[in-house]
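Have a look at data_21.txt below; it lists compact mmCIF, C-alpha atoms and all ligand atoms.
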```
# COMPACT_ATOMS: atom_id res chain seq x y z
CA MET A 1167 7.50 -20.33 -2.34
CA ARG A 1168 5.04 -17.82 -0.95
CA LYS A 1169 1.24 -17.80 -0.95
CA ILE A 1170 0.43 -14.15 -1.45
CA LEU A 1171 -2.78 -12.11 -1.29
CA ILE A 1172 -2.63 -8.77 -3.11
CA VAL A 1173 -5.43 -6.25 -2.48
CA GLY A 1174 -5.45 -3.52 -5.13
CA ALA A 1175 -3.81 -5.98 -7.52
CA SER A 1176 -4.52 -3.88 -10.61
CA SER A 1177 -2.36 -1.02 -9.32
CA ALA A 1178 0.73 -0.41 -11.44
CA ILE A 1179 3.02 -0.89 -8.43
CA ALA A 1180 1.20 -4.05 -7.31
CA GLU A 1181 1.25 -5.56 -10.80
CA ALA A 1182 4.99 -4.92 -11.17
CA THR A 1183 5.52 -6.53 -7.76
CA ALA A 1184 3.33 -9.53 -8.67
CA ARG A 1185 5.43 -10.09 -11.80
CA ILE A 1186 8.53 -10.57 -9.64
CA PHE A 1187 6.67 -12.99 -7.35
CA ALA A 1188 5.32 -14.89 -10.36
CA ALA A 1189 8.77 -15.29 -11.89
CA ARG A 1190 9.86 -16.95 -8.64
CA GLY A 1191 6.99 -19.43 -8.81
CA ASP A 1192 4.94 -17.95 -5.96
CA SER A 1193 1.15 -18.40 -5.77
CA LEU A 1194 -1.00 -15.29 -5.95
CA TYR A 1195 -4.57 -14.26 -5.10
CA LEU A 1196 -5.49 -11.00 -6.82
CA VAL A 1197 -8.21 -8.72 -5.48
CA GLY A 1198 -9.44 -5.59 -7.24
CA ARG A 1199 -12.51 -3.89 -8.64
CA LYS A 1200 -12.19 -4.63 -12.39
CA ALA A 1201 -12.77 -8.24 -13.40
CA ASP A 1202 -11.42 -7.90 -16.96
CA LEU A 1203 -8.24 -6.21 -15.84
CA LEU A 1204 -7.66 -8.78 -13.09
CA ALA A 1205 -8.21 -11.62 -15.57
CA SER A 1206 -5.62 -10.29 -17.99
CA ILE A 1207 -3.11 -9.67 -15.17
CA ALA A 1208 -3.75 -13.21 -13.87
CA ALA A 1209 -3.17 -14.73 -17.34
CA ASP A 1210 0.08 -12.80 -17.67
CA LEU A 1211 1.29 -13.89 -14.22
CA LYS A 1212 0.64 -17.54 -15.07
CA VAL A 1213 2.75 -17.22 -18.22
CA ARG A 1214 5.48 -15.62 -16.12
CA GLY A 1215 5.67 -18.68 -13.87
CA ALA A 1216 3.23 -18.27 -10.97
CA THR A 1217 2.39 -21.66 -9.48
CA ALA A 1218 -1.26 -20.69 -9.00
CA VAL A 1219 -3.25 -17.52 -9.59
CA GLY A 1220 -6.71 -16.89 -8.12
CA MET A 1221 -8.70 -13.69 -8.31
CA GLU A 1222 -11.89 -11.99 -7.24
CA THR A 1223 -13.50 -8.61 -7.55
CA MET A 1224 -14.02 -6.62 -4.40
CA ASP A 1225 -14.35 -2.96 -3.56
CA ALA A 1226 -12.06 -2.50 -0.54
CA ASN A 1227 -14.53 0.06 0.82
CA ASP A 1228 -17.13 -2.69 1.22
CA LEU A 1229 -15.93 -3.67 4.67
CA THR A 1230 -18.53 -6.44 4.90
CA ALA A 1231 -16.83 -8.29 2.01
CA HIS A 1232 -13.40 -8.63 3.64
CA GLU A 1233 -13.91 -11.70 5.79
CA ALA A 1234 -15.33 -13.90 3.02
CA MET A 1235 -12.63 -12.72 0.59
CA LEU A 1236 -9.90 -13.73 3.06
CA GLY A 1237 -11.49 -17.16 3.40
CA ARG A 1238 -11.60 -17.65 -0.37
CA ALA A 1239 -7.98 -16.51 -0.74
CA GLU A 1240 -6.85 -19.09 1.84
CA GLN A 1241 -8.93 -21.82 0.24
CA THR A 1242 -7.75 -21.09 -3.30
CA LEU A 1243 -4.05 -20.91 -2.41
CA GLY A 1244 -4.17 -23.71 0.18
CA GLY A 1245 -3.01 -21.26 2.87
CA LEU A 1246 -1.75 -17.71 3.09
CA ASP A 1247 1.60 -16.43 4.36
CA THR A 1248 2.03 -12.99 2.78
CA VAL A 1249 -0.30 -10.04 2.21
CA LEU A 1250 0.36 -6.91 0.17
CA ILE A 1251 -2.19 -4.10 0.44
CA ALA A 1252 -1.77 -1.65 -2.41
CA HIS A 1253 -5.08 0.02 -3.25
CA GLY A 1254 -5.47 3.78 -2.99
CA THR A 1255 -6.57 6.98 -4.69
CA LEU A 1256 -4.79 10.31 -4.97
CA SER A 1257 -7.47 12.50 -3.44
CA ASP A 1258 -8.91 15.59 -5.10
CA GLN A 1259 -7.68 17.94 -2.37
CA LYS A 1260 -9.62 20.98 -3.62
CA GLY A 1261 -12.81 18.93 -3.91
CA CYS A 1262 -12.34 17.58 -0.39
CA GLU A 1263 -12.02 21.09 1.03
CA SER A 1264 -15.67 21.78 0.23
CA SER A 1265 -17.10 18.29 0.72
CA VAL A 1266 -17.29 16.36 3.96
CA GLU A 1267 -18.59 13.34 2.01
CA LEU A 1268 -15.64 13.31 -0.40
CA THR A 1269 -13.15 13.79 2.45
CA LEU A 1270 -14.59 10.87 4.42
CA HIS A 1271 -14.71 8.74 1.26
CA GLU A 1272 -11.02 9.40 0.59
CA LEU A 1273 -10.13 8.61 4.21
CA THR A 1274 -12.06 5.34 3.89
CA THR A 1275 -10.35 4.33 0.65
CA ASN A 1276 -6.85 5.27 1.73
CA ALA A 1277 -6.94 4.29 5.41
CA ILE A 1278 -10.11 2.87 6.99
CA SER A 1279 -10.54 0.03 4.46
CA THR A 1280 -6.94 -1.04 5.05
CA VAL A 1281 -7.29 -0.78 8.83
CA ALA A 1282 -10.33 -3.06 8.59
CA LEU A 1283 -8.43 -5.57 6.46
CA LEU A 1284 -5.39 -5.45 8.74
CA THR A 1285 -7.49 -6.08 11.83
CA ARG A 1286 -8.74 -9.36 10.37
CA ILE A 1287 -5.40 -10.43 8.84
CA ALA A 1288 -3.46 -9.63 12.03
CA GLU A 1289 -5.74 -11.88 14.05
CA ILE A 1290 -5.20 -14.80 11.67
CA PHE A 1291 -1.40 -14.42 11.45
CA GLU A 1292 -1.03 -13.77 15.21
CA ARG A 1293 -2.86 -17.01 15.98
CA ARG A 1294 -0.56 -18.92 13.58
CA LYS A 1295 2.55 -17.12 14.82
CA ALA A 1296 3.73 -16.59 11.24
CA GLY A 1297 3.18 -14.35 8.25
CA THR A 1298 4.26 -11.18 6.47
CA ILE A 1299 2.08 -8.09 6.02
CA ALA A 1300 3.24 -5.32 3.67
CA VAL A 1301 1.22 -2.14 3.15
CA ILE A 1302 1.86 0.71 0.74
CA SER A 1303 1.67 3.94 2.69
CA SER A 1304 3.43 7.04 1.30
CA VAL A 1305 6.00 9.72 2.04
CA ALA A 1306 2.91 11.99 1.99
CA GLY A 1307 2.02 10.55 5.40
CA ASP A 1308 5.19 11.92 6.99
CA ARG A 1309 3.88 15.48 7.12
CA GLY A 1310 0.61 17.14 6.10
CA ARG A 1311 0.97 19.61 3.24
CA GLN A 1312 -1.67 22.05 1.97
CA SER A 1313 -1.61 20.50 -1.52
CA ASN A 1314 -2.67 16.99 -0.42
CA TYR A 1315 -3.31 16.76 3.32
CA VAL A 1316 -6.44 14.59 3.02
CA TYR A 1317 -4.47 11.85 1.22
CA GLY A 1318 -1.44 12.57 3.43
CA SER A 1319 -3.38 12.26 6.67
CA ALA A 1320 -4.91 8.95 5.54
CA LYS A 1321 -1.41 7.64 4.87
CA ALA A 1322 -0.23 9.04 8.24
CA LEU A 1323 -3.00 7.05 9.93
CA LEU A 1324 -1.80 3.93 8.11
CA THR A 1325 1.82 4.55 9.04
CA ALA A 1326 0.98 4.97 12.75
CA PHE A 1327 -1.37 1.97 12.74
CA LEU A 1328 1.32 -0.20 11.13
CA SER A 1329 3.89 0.95 13.66
CA GLY A 1330 1.70 -0.20 16.54
CA LEU A 1331 0.74 -3.41 14.76
CA ARG A 1332 4.41 -4.20 14.11
CA GLN A 1333 5.17 -3.92 17.85
CA ARG A 1334 2.18 -6.08 18.76
CA LEU A 1335 2.93 -8.83 16.23
CA TRP A 1336 6.71 -8.90 16.59
CA LYS A 1337 6.59 -11.32 19.51
CA SER A 1338 4.38 -13.62 17.39
CA GLY A 1339 6.93 -13.76 14.58
CA VAL A 1340 4.74 -11.79 12.16
CA ALA A 1341 6.51 -9.16 10.04
CA VAL A 1342 4.70 -5.86 9.39
CA ILE A 1343 6.28 -3.71 6.68
CA THR A 1344 5.46 -0.06 5.91
CA ILE A 1345 6.27 0.85 2.31
CA LYS A 1346 6.72 4.58 1.68
CA PRO A 1347 7.16 5.41 -2.02
CA GLY A 1348 7.83 8.94 -3.23
CA PHE A 1349 6.73 10.06 -6.72
CA VAL A 1350 5.91 7.03 -8.88
CA ASP A 1351 5.04 7.19 -12.57
CA SER A 1352 1.71 5.31 -12.44
CA PRO A 1353 -1.93 5.94 -13.46
CA MET A 1354 -2.44 7.55 -10.03
CA THR A 1355 -0.13 10.40 -10.96
CA ALA A 1356 -1.24 10.65 -14.62
CA ALA A 1357 -2.31 14.29 -14.19
CA MET A 1358 0.98 15.40 -12.62
CA PRO A 1359 3.91 16.82 -14.60
CA LYS A 1360 6.62 14.14 -14.60
CA GLY A 1361 10.33 13.82 -15.12
CA GLY A 1362 13.39 14.60 -13.07
CA PRO A 1363 15.40 12.59 -10.59
CA LEU A 1364 12.67 12.28 -7.94
CA TRP A 1365 10.36 10.20 -10.16
CA ALA A 1366 10.58 6.40 -10.12
CA LYS A 1367 9.05 3.71 -12.32
CA PRO A 1368 6.72 1.14 -10.69
CA GLN A 1369 9.29 -1.59 -11.47
CA ARG A 1370 11.91 0.08 -9.27
CA VAL A 1371 9.46 0.42 -6.38
CA ALA A 1372 8.33 -3.19 -6.92
CA ALA A 1373 11.88 -4.48 -6.60
CA GLY A 1374 12.18 -2.57 -3.32
CA ILE A 1375 8.91 -4.05 -2.03
CA VAL A 1376 10.00 -7.63 -2.79
CA ASP A 1377 13.37 -7.00 -1.15
CA ALA A 1378 11.63 -5.55 1.94
CA ILE A 1379 9.35 -8.60 2.17
CA ASP A 1380 12.25 -11.03 1.73
CA ARG A 1381 14.26 -9.50 4.58
CA SER A 1382 11.25 -8.75 6.82
CA ALA A 1383 12.09 -5.05 6.85
CA THR A 1384 10.20 -2.57 9.05
CA VAL A 1385 9.85 0.77 7.24
CA VAL A 1386 11.24 1.37 3.75
CA TYR A 1387 11.40 4.53 1.68
CA LEU A 1388 11.37 3.80 -2.06
CA PRO A 1389 13.60 4.77 -3.69
CA TRP A 1390 15.96 5.10 -0.70
CA PHE A 1391 16.69 8.83 -1.21
CA TRP A 1392 13.25 9.73 0.17
CA ALA A 1393 14.47 8.85 3.67
CA PRO A 1394 16.86 11.83 3.93
CA ILE A 1395 14.44 14.10 2.02
CA MET A 1396 11.62 13.35 4.45
CA LEU A 1397 13.96 13.69 7.43
CA ILE A 1398 14.60 17.27 6.34
CA ILE A 1399 10.89 17.93 5.65
CA ARG A 1400 9.93 16.59 9.09
CA THR A 1401 12.46 18.76 10.91
CA ILE A 1402 11.30 22.10 9.46
CA PRO A 1403 9.67 24.00 12.36
CA GLU A 1404 5.88 24.51 12.02
CA ARG A 1405 6.31 28.30 12.21
CA ILE A 1406 8.31 28.15 8.96
CA PHE A 1407 6.46 25.17 7.45
CA ARG A 1408 3.04 26.87 7.63
CA GLY A 1409 4.15 29.55 5.17
CA LEU A 1410 5.70 27.21 2.60
CA LYS A 1411 3.93 26.48 -0.71
CA LEU A 1412 4.22 22.67 -0.64
N1 LIG A 1501 1.99 6.75 -7.60
C1 LIG A 1501 2.60 7.39 -6.61
O1 LIG A 1501 3.27 8.41 -6.80
C2 LIG A 1501 2.49 6.84 -5.21
C3 LIG A 1501 3.31 7.39 -4.21
C4 LIG A 1501 3.23 6.91 -2.92
C5 LIG A 1501 2.34 5.90 -2.62
N2 LIG A 1501 1.54 5.38 -3.59
C6 LIG A 1501 0.59 4.35 -3.21
O2 LIG A 1501 0.87 3.18 -3.96
C7 LIG A 1501 -0.32 2.40 -4.05
C8 LIG A 1501 -0.50 1.94 -5.49
O3 LIG A 1501 -0.69 3.08 -6.32
P1 LIG A 1501 -0.21 3.15 -7.83
O4 LIG A 1501 0.79 4.25 -7.93
O5 LIG A 1501 0.16 1.80 -8.30
O6 LIG A 1501 -1.51 3.70 -8.54
P2 LIG A 1501 -2.63 3.02 -9.46
O7 LIG A 1501 -2.02 2.24 -10.57
O8 LIG A 1501 -3.57 4.12 -9.80
O9 LIG A 1501 -3.33 1.98 -8.48
C9 LIG A 1501 -4.29 2.31 -7.55
C10 LIG A 1501 -5.16 1.07 -7.41
O10 LIG A 1501 -6.05 1.20 -6.31
C11 LIG A 1501 -7.26 0.58 -6.69
N3 LIG A 1501 -8.38 1.05 -5.90
C12 LIG A 1501 -8.76 2.33 -5.66
N4 LIG A 1501 -9.83 2.35 -4.87
C13 LIG A 1501 -10.15 1.05 -4.60
C14 LIG A 1501 -11.16 0.43 -3.85
N5 LIG A 1501 -12.10 1.14 -3.20
N6 LIG A 1501 -11.19 -0.92 -3.80
C15 LIG A 1501 -10.28 -1.64 -4.45
N7 LIG A 1501 -9.28 -1.12 -5.19
C16 LIG A 1501 -9.23 0.23 -5.27
C17 LIG A 1501 -7.42 0.95 -8.15
O11 LIG A 1501 -8.32 0.05 -8.74
P3 LIG A 1501 -9.24 0.45 -9.98
O12 LIG A 1501 -8.44 0.07 -11.19
O13 LIG A 1501 -10.46 -0.38 -9.79
O14 LIG A 1501 -9.52 1.93 -9.90
C18 LIG A 1501 -5.99 0.79 -8.64
O15 LIG A 1501 -5.74 -0.54 -9.03
C19 LIG A 1501 -1.45 3.27 -3.49
O16 LIG A 1501 -1.72 2.89 -2.16
C20 LIG A 1501 -0.85 4.65 -3.50
O17 LIG A 1501 -1.44 5.50 -2.53
C21 LIG A 1501 1.60 5.82 -4.88
```

Render the structure in this file as structure tokens.
Amino acid sequence: MRKILIVGASSAIAEATARIFAARGDSLYLVGRKADLLASIAADLKVRGATAVGMETMDANDLTAHEAMLGRAEQTLGGLDTVLIAHGTLSDQKGCESSVELTLHELTTNAISTVALLTRIAEIFERRKAGTIAVISSVAGDRGRQSNYVYGSAKALLTAFLSGLRQRLWKSGVAVITIKPGFVDSPMTAAMPKGGPLWAKPQRVAAGIVDAIDRSATVVYLPWFWAPIMLIIRTIPERIFRGLKL
């Protein structure tokens, strides 16, 4: 049974993933910004079979709060062997184009806060020579597009950071997993028109995340068909790509 910290635990994808862990009897420490929401998710996870559920409120952008939170997670669960980082915001691309502040805020939420967390967690797991770190990046990080390149570049930073971290920690027996979902029907995409074969439910992505954690995968596209789609997107020459309306 795992002892799992989830940052961004109120996310639809994270909650669906936590439900699978709970049904297996894992112990969970939930971190998010909304106390009421976390409390109701925690109660539900207990009913579903979680051995223990702890929680605390934290804004991931408060980098000074990370260290103490990690200590409390360890203490509450009696150890920590798995971390899932799931928080994020779909940036207002148009707003970012005229606001340095908003752009930097979005980069902090979607990349810098996670880099800060990973730096601390990596140190702990490397010292112990054990552990699993899974982070939700995105297919958007595979190539910058005019419609969402602030969000996409934050996810690209995460993807590259995780790649390096995976190499560093491999010899210590620590697994680092990059999760790259495509379109997921969650509150994050509430404003987008939905439907069609490219859209997935959070439950489908959650099953893929748990499978990736169980087999210590490296990089996973969820659902799987995003791997060939992004291969094609990445191979389009820049001279053609710059004129596309994507
Ligand atoms: N939905 C998609 O199509 C899609 C595709 C690819 C990747 N992803 C990634 O999947 C992850 C989960 O997203 P989702 O689809 O499940 O969306 P979601 O339900 O909207 O979840 C996003 C979560 O991030 C939390 N969050 C935002 N800023 C935070 C901060 N500063 N500190 C702490 N928590 C913060 C939100 O908490 P509050 O409730 O407090 O706002 C919310 O729980 C994200 O990393 C997202 O980028 C999503």

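The closest residue to Leu1324 (chain A), picked from A:Ala1178, A:Ala1188, A:Leu1410, A:Ile1345 and counting all atoms listed in the file, is A:Ile1345.
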
Task: Neighbour list for Arg1408 (chain A) as a PyMOL selection string, cut-off 12 Å, all atoms listed in the file, skip fewer than 3 positions in-chain - done: chain A and resi 1309-1312+1402-1405+1411-1412

Open item on the list: Can you pull out every residue with an atom within 8 Å of ligand LIG 1501 (chain A)? Use all atoms listed in the file and format it as a PyMOL selection string.
Closed with: chain A and resi 1173-1181+1197-1200+1203+1224-1228+1251-1256+1275-1276+1279+1301-1306+1317+1321+1346-1355+1368

Open item on the list: List as a ChimeraX atom specification the protein and nucleic acid residues near Met1396 (chain A), meaning an atom at most 9 Å away when only C-alpha atoms are counted, but skip any in the same chain fewer than 3 places from it.
Closed with: /A:1305,1308-1309,1391-1393,1399-1401

- [ ] Identify, on the basis of only C-alpha atoms, every residue whose closest approach to Gly1297 (chain A) does not exceed 7 Å; exclude the query and any residue fewer than 4 positions from it along the same chain; express the result as an NGL selection string.
- [x] :A and (1247-1248 or 1291 or 1340-1341)

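Minimum atom-to-atom distance to Asp1377 (chain A), evaluated using only C-alpha atoms, belongs to A:Ile1186 out of A:Ile1186, A:Met1221, A:Ala1322, A:Val1266.
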
TODO: With only C-alpha atoms counted, which protein, DNA or RNA residues have an atom no more than 10 Å from (6.7, -22.7, -6.9) in the file frame? Please answer as a ChimeraX atom specification.
DONE: /A:1167-1169,1187-1193,1215-1218

Task: Residue contacts of Ala1288 (chain A) (12 Å, only C-alpha atoms) excluding same-chain residues fewer than 6 positions away, as a ChimeraX atom specification - done: /A:1236,1247-1249,1280-1282,1294-1300,1327-1328,1330-1336,1338-1342

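For the set A:Ala1378, A:Leu1196, A:Cys1262, A:Ala1182, the residue with the smallest atom-to-atom gap to Asn1314 (chain A) is A:Cys1262, counting only C-alpha atoms.
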
- [ ] Could you check how far CA of Leu1323 (chain A) sits from CA of Thr1344 (chain A), in Å to one decimal?
- [x] 11.8 Å
